[in-house]
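Visitor: Could you have a look at this structure, given as structure tokens, before my questions?
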Amino acid sequence: MKRNLILTAISLMVFIFPGSGQDCTFFYPMEEGTLIELRHYDKKAKISGTTRQEIIDKKTSGGAIALTIKNTFFDEKGKELMTSDLTMECKDGVFTFDMDHFLNDEMMAGMEDMEFTIESDNLEFPAKMSPGDDLKEGIIKLIMPDMPMMNMTTRVYNRKVEAMEKVTTEAGTFECLKISYDVHTDAMIDIHTKGIEWIARDVGVIRQESYNKNGKLTGYTELIRLEK
């Protein structure tokens with residue numbers, strides 16, 4: 001599956017937090033056991049995969065709130081390809097999530113027996129966001145000491161809050177913040193893409209679209225299931 005259809009594993013975890021950890025307002029569910037399902041499509045609206053997420057743990061410590069999410073990726077035929085745990089935290093009114101979300105799930109599944117390290121500067125979502133705001137960039141580096149030619153760096157930058165919009169999917173209609181961003185992947189070849197995502201309070205990503213450097217749609221993701 002193409003990288004630009006996996007990028008939602010986004011961006012799929014967006015929160016906004018005002019004030020202290022105890023007062024965090026999530027743009028993602030907080031209850032343990034909550035299930036979220038997102039379906040990925042190619043540019044022709046053909047199903048290319050599914051991501052299923054379950055909140056398996058919630059901890060509050062020192063004014064911070066941390067969630068652990070079981071993230072499972074399935075191919076277009078429903079075959080499970082990879083499962084991993086995602087961790088995210090709210091502290092001092094700012095949410096950060098692990099940039100591991102921007103690694104290709106199929107690629108990582110094929111690297112289970114390889115030696116590598118990951119370094120990242122995670123994305124941040126401040127306590128208050130409104131149209132016109134610029135957001136901090138994030139970066140992740142995959143380093144393979146035995147095969148340096150396979151090293152990869154992905155940078156998510158030029159992040160902007162564009163508008164407030166309503167979005168309707170199979171899961172319902174949601175009031176969303178629309179956020180745009182650019183993605184640069186430096187690997188054996190350079191790849192430049194663009195993305196737009198719509199996020200909703202207490203839910204997360206409702207829709208995400210990926211575009212090539214020429215502005216043509218290459219795929220999209222939509223929320224199709226939410227069970228609390």
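Residues in the structure tokens are named by chain (A, B, ... in the order shown) and by number from 1 within that chain; ligands are numbered from 1 in the order shown.
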Please identify all polymer residues within 12 Å of A:Lys213, counting only C-alpha atoms, omitting same-chain residues fewer than 5 positions from it, and present them as a list in words.
Guide: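 Close residues of A:Lys213: Asn4, Tyr181, Asp182, Val183, His184, Asp190, Ile191, His192, Thr193, Lys194, Gly195 and Thr218 of chain A.
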Visitor: What's the 8 Å shell around A:Ile179, counting only C-alpha atoms, without same-chain residues fewer than 6 positions away, as a list in words?
Guide: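 Close residues of A:Ile179: Arg159, Lys160, Val161, Glu162, Ala163, Ile196, Glu197 and Trp198 of chain A.
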Visitor: Would you mind listing what lies within 10 Å of A:Met149 as a VMD selection string, with only C-alpha atoms counted and same-chain residues fewer than 6 positions away left out?
Guide: chain A and resid 143 187 to 188
Visitor: Keeping only C-alpha atoms, take the residues you just selected and write them out as a PDB file, in the first residue's frame.
Guide:
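File produced: part-v1.pdb:
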```
ATOM      1  CA  ILE A 143      18.213   4.598  10.780  1.00  0.00           C
ATOM      2  CA  ALA A 187      14.940   8.055   1.215  1.00  0.00           C
ATOM      3  CA  MET A 188      16.473   6.436  -1.858  1.00  0.00           C
TER       4      MET A 188
END
```
Visitor: Between A:Gly172, A:Pro29, A:Gly78, A:Gly93, single out the one closest to A:Ile55, counting only C-alpha atoms.
Guide: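 Result for the nearest residue to A:Ile55: A:Pro29.
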Visitor: Just the number, please: distance in Å from atom CA of A:Asp202 to atom CA of A:Gly62, one decimal.
Guide: 22.6 Å
Visitor: Got a sec to tell me which of stretch 43-207 of chain A DSSP assigns to strand (DSSP E or B), as a PyMOL selection string?
Guide: chain A and resi 47-61+64-75+80-91+94-97+117-121+123-125+134-135+138-143+152-169+172-186+190-200+204-207
Visitor: Got a sec: who's within 7 Å of A:Phe74, counting only C-alpha atoms, leaving out chain neighbours fewer than 6 positions off, as JSON, numbers by chain?
Guide: {"A": [49, 50, 51, 80, 81]}
